file my_file.cif (mmCIF, C-alpha atoms)
data_structure
loop_
_atom_site.group_PDB
_atom_site.id
_atom_site.type_symbol
_atom_site.label_atom_id
_atom_site.label_comp_id
_atom_site.auth_asym_id
_atom_site.auth_seq_id
_atom_site.Cartn_x
_atom_site.Cartn_y
_atom_site.Cartn_z
ATOM 1 C CA MET O 1 64.813 67.888 112.716
ATOM 2 C CA LYS O 2 66.739 66.830 115.793
ATOM 3 C CA ALA O 3 65.443 66.111 119.282
ATOM 4 C CA LYS O 4 67.102 65.751 122.656
ATOM 5 C CA VAL O 5 65.856 64.210 125.904
ATOM 6 C CA ASN O 6 66.988 65.919 129.098
ATOM 7 C CA GLN O 7 67.940 62.943 131.277
ATOM 8 C CA ASP O 8 67.537 65.017 134.456
ATOM 9 C CA LYS O 9 63.865 65.685 133.647
ATOM 10 C CA CYS O 10 62.917 62.311 132.139
ATOM 11 C CA ILE O 11 60.945 60.014 134.446
ATOM 12 C CA GLY O 12 60.865 57.055 132.056
ATOM 13 C CA CYS O 13 57.088 57.136 131.614
ATOM 14 C CA GLY O 14 57.390 55.797 128.052
ATOM 15 C CA ASN O 15 54.942 58.158 126.325
ATOM 16 C CA CYS O 16 57.488 59.129 123.686
ATOM 17 C CA VAL O 17 58.603 55.534 123.151
ATOM 18 C CA ALA O 18 54.997 54.376 122.691
ATOM 19 C CA LEU O 19 54.055 57.288 120.417
ATOM 20 C CA SER O 20 57.033 56.693 118.163
ATOM 21 C CA GLU O 21 56.744 52.892 118.361
ATOM 22 C CA SER O 22 60.473 52.927 119.231
ATOM 23 C CA GLN O 23 61.304 54.448 115.830
ATOM 24 C CA VAL O 24 62.446 57.805 117.257
ATOM 25 C CA PHE O 25 62.716 57.321 121.024
ATOM 26 C CA ASP O 26 63.670 54.279 123.069
ATOM 27 C CA PHE O 27 64.828 53.503 126.598
ATOM 28 C CA ASN O 28 68.491 53.582 127.570
ATOM 29 C CA ASP O 29 70.128 51.247 130.097
ATOM 30 C CA ASP O 30 68.932 53.494 132.951
ATOM 31 C CA GLY O 31 65.279 53.148 131.890
ATOM 32 C CA LEU O 32 65.108 56.713 130.632
ATOM 33 C CA ALA O 33 64.147 57.801 127.147
ATOM 34 C CA HIS O 34 66.621 58.985 124.541
ATOM 35 C CA CYS O 35 66.411 59.883 120.879
ATOM 36 C CA ILE O 36 67.805 57.031 118.805
ATOM 37 C CA LEU O 37 68.136 59.033 115.575
ATOM 38 C CA GLU O 38 70.799 61.633 114.828
ATOM 39 C CA ASP O 39 68.445 63.330 112.349
ATOM 40 C CA ILE O 40 64.722 62.614 112.462
ATOM 41 C CA PRO O 41 63.428 62.015 108.915
ATOM 42 C CA ALA O 42 60.561 64.122 107.592
ATOM 43 C CA ASP O 43 58.093 61.223 107.758
ATOM 44 C CA LEU O 44 58.658 60.880 111.534
ATOM 45 C CA GLU O 45 58.745 64.602 112.421
ATOM 46 C CA ASP O 46 55.036 64.781 113.319
ATOM 47 C CA ILE O 47 55.426 61.852 115.710
ATOM 48 C CA ALA O 48 58.480 63.451 117.312
ATOM 49 C CA LYS O 49 56.670 66.776 117.709
ATOM 50 C CA GLU O 50 53.696 65.013 119.290
ATOM 51 C CA ALA O 51 56.051 63.293 121.731
ATOM 52 C CA ILE O 52 57.546 66.691 122.634
ATOM 53 C CA GLU O 53 54.056 68.064 123.324
ATOM 54 C CA GLU O 54 52.912 65.003 125.284
ATOM 55 C CA CYS O 55 55.955 64.680 127.544
ATOM 56 C CA PRO O 56 54.619 65.234 131.095
ATOM 57 C CA THR O 57 57.924 66.646 132.372
ATOM 58 C CA GLU O 58 58.850 68.625 129.227
ATOM 59 C CA ALA O 59 62.062 66.610 129.021
ATOM 60 C CA ILE O 60 62.136 66.496 125.207
ATOM 61 C CA GLU O 61 63.102 69.469 123.129
ATOM 62 C CA GLU O 62 63.646 70.148 119.468
ATOM 63 C CA VAL O 63 67.258 71.047 118.749
ATOM 64 C CA GLU O 64 68.393 73.390 115.994
ATOM 65 C CA LYS O 65 70.309 71.657 113.218
#

call {"tool": "encode", "arguments": {"input": "my_file.cif", "output": "structure tokens"}}
result
Amino acid sequence: MKAKVNQDKCIGCGNCVALSESQVFDFNDDGLAHCILEDIPADLEDIAKEAIEECPTEAIEEVEK
């Protein structure tokens, strides 16, 4: 699985960072979230999918491999 954060939609709320405990998502230098993994391992996919669902601005999307 891969995920991408749309920087134009992200408001830096930190939901995805908190949900993933900074294992999948973290803040960039602009204070916006970004995915820190090229490929999300199977054991973190559920967390990533939850972050996608919980994003208040729908800034995170799953990307086809």

call {"tool": "residues_around", "arguments": {"input": "my_file.cif", "residues": "stretch 31-35 of chain O", "least_positions_apart": "3", "cutoff": "8 Å", "atoms": "all atoms listed in the file", "output": "PyMOL selection string"}}
result
chain O and resi 3-5+7+10-12+14+16-17+24-28+38

call {"tool": "write_last_selection", "arguments": {"input": "my_file.cif", "atoms": "C-alpha atoms", "output": "compact mmCIF listing (two decimals), in the coordinates of the input"}}
result
# COMPACT_ATOMS: atom_id res chain seq x y z
CA ALA O 3 65.44 66.11 119.28
CA LYS O 4 67.10 65.75 122.66
CA VAL O 5 65.86 64.21 125.90
CA GLN O 7 67.94 62.94 131.28
CA CYS O 10 62.92 62.31 132.14
CA ILE O 11 60.94 60.01 134.45
CA GLY O 12 60.86 57.06 132.06
CA GLY O 14 57.39 55.80 128.05
CA CYS O 16 57.49 59.13 123.69
CA VAL O 17 58.60 55.53 123.15
CA VAL O 24 62.45 57.80 117.26
CA PHE O 25 62.72 57.32 121.02
CA ASP O 26 63.67 54.28 123.07
CA PHE O 27 64.83 53.50 126.60
CA ASN O 28 68.49 53.58 127.57
CA GLU O 38 70.80 61.63 114.83

call {"tool": "axis_aligned_box", "arguments": {"input": "my_file.cif", "around": "stretch 36-53 of chain O", "padding_each_side": "4 Å", "output": "JSON"}}
result
{"center_x": 62.2, "center_y": 62.5, "center_z": 115.5, "size_x": 25.1, "size_y": 19.0, "size_z": 23.7}

call {"tool": "atom_distance", "arguments": {"input": "my_file.cif", "atom1": "atom CA of O:Asp30", "atom2": "atom CA of O:Glu64"}}
result
26.1 Å

call {"tool": "atom_distance", "arguments": {"input": "my_file.cif", "atom1": "atom CA of O:Asp8", "atom2": "atom CA of O:Pro41"}}
result
26.0 Å

call {"tool": "closest_residue", "arguments": {"input": "my_file.cif", "among": "O:Asp29, O:Ser22, O:Lys9, O:Ala42", "to": "O:Pro56", "atoms": "only C-alpha atoms"}}
result
O:Lys9

call {"tool": "closest_residue", "arguments": {"input": "my_file.cif", "among": "O:Cys13, O:Ser20, O:Asp43, O:Ile36", "to": "O:Cys55", "atoms": "only C-alpha atoms"}}
result
O:Cys13

call {"tool": "residues_near_point", "arguments": {"input": "my_file.cif", "point": "(50.0, 59.5, 117.7)", "cutoff": "10 Å", "atoms": "all atoms listed in the file", "output": "mmCIF file with C-alpha atoms, in the coordinates of the input"}}
result
data_model
loop_
_atom_site.group_PDB
_atom_site.id
_atom_site.type_symbol
_atom_site.label_atom_id
_atom_site.label_comp_id
_atom_site.auth_asym_id
_atom_site.auth_seq_id
_atom_site.Cartn_x
_atom_site.Cartn_y
_atom_site.Cartn_z
ATOM 1 C CA CYS O 16 57.488 59.129 123.686
ATOM 2 C CA ALA O 18 54.997 54.376 122.691
ATOM 3 C CA LEU O 19 54.055 57.288 120.417
ATOM 4 C CA SER O 20 57.033 56.693 118.163
ATOM 5 C CA GLU O 21 56.744 52.892 118.361
ATOM 6 C CA ASP O 46 55.036 64.781 113.319
ATOM 7 C CA ILE O 47 55.426 61.852 115.710
ATOM 8 C CA ALA O 48 58.480 63.451 117.312
ATOM 9 C CA LYS O 49 56.670 66.776 117.709
ATOM 10 C CA GLU O 50 53.696 65.013 119.290
ATOM 11 C CA ALA O 51 56.051 63.293 121.731
ATOM 12 C CA GLU O 54 52.912 65.003 125.284
#

call {"tool": "build_atoms", "arguments": {"input": "my_file.cif", "residues": "stretch 18-51 of chain O", "atoms": "N, CA and C atoms", "output": "mmCIF file, in the frame of the given file"}}
result
data_model
loop_
_atom_site.group_PDB
_atom_site.id
_atom_site.type_symbol
_atom_site.label_atom_id
_atom_site.label_comp_id
_atom_site.auth_asym_id
_atom_site.auth_seq_id
_atom_site.Cartn_x
_atom_site.Cartn_y
_atom_site.Cartn_z
ATOM 1 N N ALA O 18 56.239 54.950 123.216
ATOM 2 C CA ALA O 18 54.997 54.376 122.691
ATOM 3 C C ALA O 18 54.504 55.144 121.468
ATOM 4 N N LEU O 19 54.520 56.478 121.547
ATOM 5 C CA LEU O 19 54.055 57.288 120.417
ATOM 6 C C LEU O 19 54.876 57.037 119.164
ATOM 7 N N SER O 20 56.166 56.878 119.330
ATOM 8 C CA SER O 20 57.033 56.693 118.163
ATOM 9 C C SER O 20 57.237 55.226 117.811
ATOM 10 N N GLU O 21 56.597 54.337 118.575
ATOM 11 C CA GLU O 21 56.744 52.892 118.361
ATOM 12 C C GLU O 21 58.222 52.516 118.273
ATOM 13 N N SER O 22 59.021 53.150 119.132
ATOM 14 C CA SER O 22 60.473 52.927 119.231
ATOM 15 C C SER O 22 61.227 53.243 117.941
ATOM 16 N N GLN O 23 60.627 54.052 117.064
ATOM 17 C CA GLN O 23 61.304 54.448 115.830
ATOM 18 C C GLN O 23 62.125 55.721 116.020
ATOM 19 N N VAL O 24 61.747 56.550 117.008
ATOM 20 C CA VAL O 24 62.446 57.805 117.257
ATOM 21 C C VAL O 24 63.055 57.801 118.658
ATOM 22 N N PHE O 25 62.277 57.354 119.633
ATOM 23 C CA PHE O 25 62.716 57.321 121.024
ATOM 24 C C PHE O 25 62.703 55.892 121.537
ATOM 25 N N ASP O 26 63.628 55.584 122.422
ATOM 26 C CA ASP O 26 63.670 54.279 123.069
ATOM 27 C C ASP O 26 64.274 54.475 124.455
ATOM 28 N N PHE O 27 64.272 53.423 125.253
ATOM 29 C CA PHE O 27 64.828 53.503 126.598
ATOM 30 C C PHE O 27 66.322 53.197 126.570
ATOM 31 N N ASN O 28 67.080 53.895 127.415
ATOM 32 C CA ASN O 28 68.491 53.582 127.570
ATOM 33 C C ASN O 28 68.648 52.566 128.706
ATOM 34 N N ASP O 29 69.867 52.246 129.062
ATOM 35 C CA ASP O 29 70.128 51.247 130.097
ATOM 36 C C ASP O 29 69.635 51.673 131.480
ATOM 37 N N ASP O 30 69.432 52.981 131.677
ATOM 38 C CA ASP O 30 68.932 53.494 132.951
ATOM 39 C C ASP O 30 67.407 53.551 133.012
ATOM 40 N N GLY O 31 66.738 53.118 131.933
ATOM 41 C CA GLY O 31 65.279 53.148 131.890
ATOM 42 C C GLY O 31 64.709 54.507 131.541
ATOM 43 N N LEU O 32 65.546 55.379 131.043
ATOM 44 C CA LEU O 32 65.108 56.713 130.632
ATOM 45 C C LEU O 32 65.092 56.786 129.111
ATOM 46 N N ALA O 33 64.267 57.674 128.596
ATOM 47 C CA ALA O 33 64.147 57.801 127.147
ATOM 48 C C ALA O 33 65.342 58.541 126.567
ATOM 49 N N HIS O 34 65.630 58.234 125.307
ATOM 50 C CA HIS O 34 66.621 58.985 124.541
ATOM 51 C C HIS O 34 66.231 58.896 123.074
ATOM 52 N N CYS O 35 66.688 59.872 122.313
ATOM 53 C CA CYS O 35 66.411 59.883 120.879
ATOM 54 C C CYS O 35 67.420 58.957 120.213
ATOM 55 N N ILE O 36 66.918 58.023 119.419
ATOM 56 C CA ILE O 36 67.805 57.031 118.805
ATOM 57 C C ILE O 36 68.259 57.434 117.404
ATOM 58 N N LEU O 37 67.769 58.576 116.913
ATOM 59 C CA LEU O 37 68.136 59.033 115.575
ATOM 60 C C LEU O 37 68.929 60.324 115.651
ATOM 61 N N GLU O 38 70.008 60.400 114.911
ATOM 62 C CA GLU O 38 70.799 61.633 114.828
ATOM 63 C C GLU O 38 69.959 62.732 114.181
ATOM 64 N N ASP O 39 69.360 62.422 113.050
ATOM 65 C CA ASP O 39 68.445 63.330 112.349
ATOM 66 C C ASP O 39 67.121 62.605 112.151
ATOM 67 N N ILE O 40 66.049 63.227 112.590
ATOM 68 C CA ILE O 40 64.722 62.614 112.462
ATOM 69 C C ILE O 40 64.217 62.879 111.047
ATOM 70 N N PRO O 41 63.897 61.826 110.288
ATOM 71 C CA PRO O 41 63.428 62.015 108.915
ATOM 72 C C PRO O 41 62.059 62.695 108.876
ATOM 73 N N ALA O 42 61.784 63.338 107.760
ATOM 74 C CA ALA O 42 60.561 64.122 107.592
ATOM 75 C C ALA O 42 59.299 63.309 107.900
ATOM 76 N N ASP O 43 59.301 62.031 107.544
ATOM 77 C CA ASP O 43 58.093 61.223 107.758
ATOM 78 C C ASP O 43 57.855 60.890 109.228
ATOM 79 N N LEU O 44 58.831 61.131 110.101
ATOM 80 C CA LEU O 44 58.658 60.880 111.534
ATOM 81 C C LEU O 44 58.617 62.170 112.364
ATOM 82 N N GLU O 45 58.722 63.326 111.703
ATOM 83 C CA GLU O 45 58.745 64.602 112.421
ATOM 84 C C GLU O 45 57.457 64.857 113.201
ATOM 85 N N ASP O 46 56.310 64.554 112.619
ATOM 86 C CA ASP O 46 55.036 64.781 113.319
ATOM 87 C C ASP O 46 54.954 63.951 114.599
ATOM 88 N N ILE O 47 55.426 62.722 114.532
ATOM 89 C CA ILE O 47 55.426 61.852 115.710
ATOM 90 C C ILE O 47 56.357 62.420 116.777
ATOM 91 N N ALA O 48 57.526 62.876 116.361
ATOM 92 C CA ALA O 48 58.480 63.451 117.312
ATOM 93 C C ALA O 48 57.912 64.706 117.960
ATOM 94 N N LYS O 49 57.265 65.547 117.172
ATOM 95 C CA LYS O 49 56.670 66.776 117.709
ATOM 96 C C LYS O 49 55.534 66.461 118.673
ATOM 97 N N GLU O 50 54.763 65.430 118.372
ATOM 98 C CA GLU O 50 53.696 65.013 119.290
ATOM 99 C C GLU O 50 54.296 64.514 120.607
ATOM 100 N N ALA O 51 55.385 63.779 120.521
ATOM 101 C CA ALA O 51 56.051 63.293 121.731
ATOM 102 C C ALA O 51 56.555 64.460 122.577
#
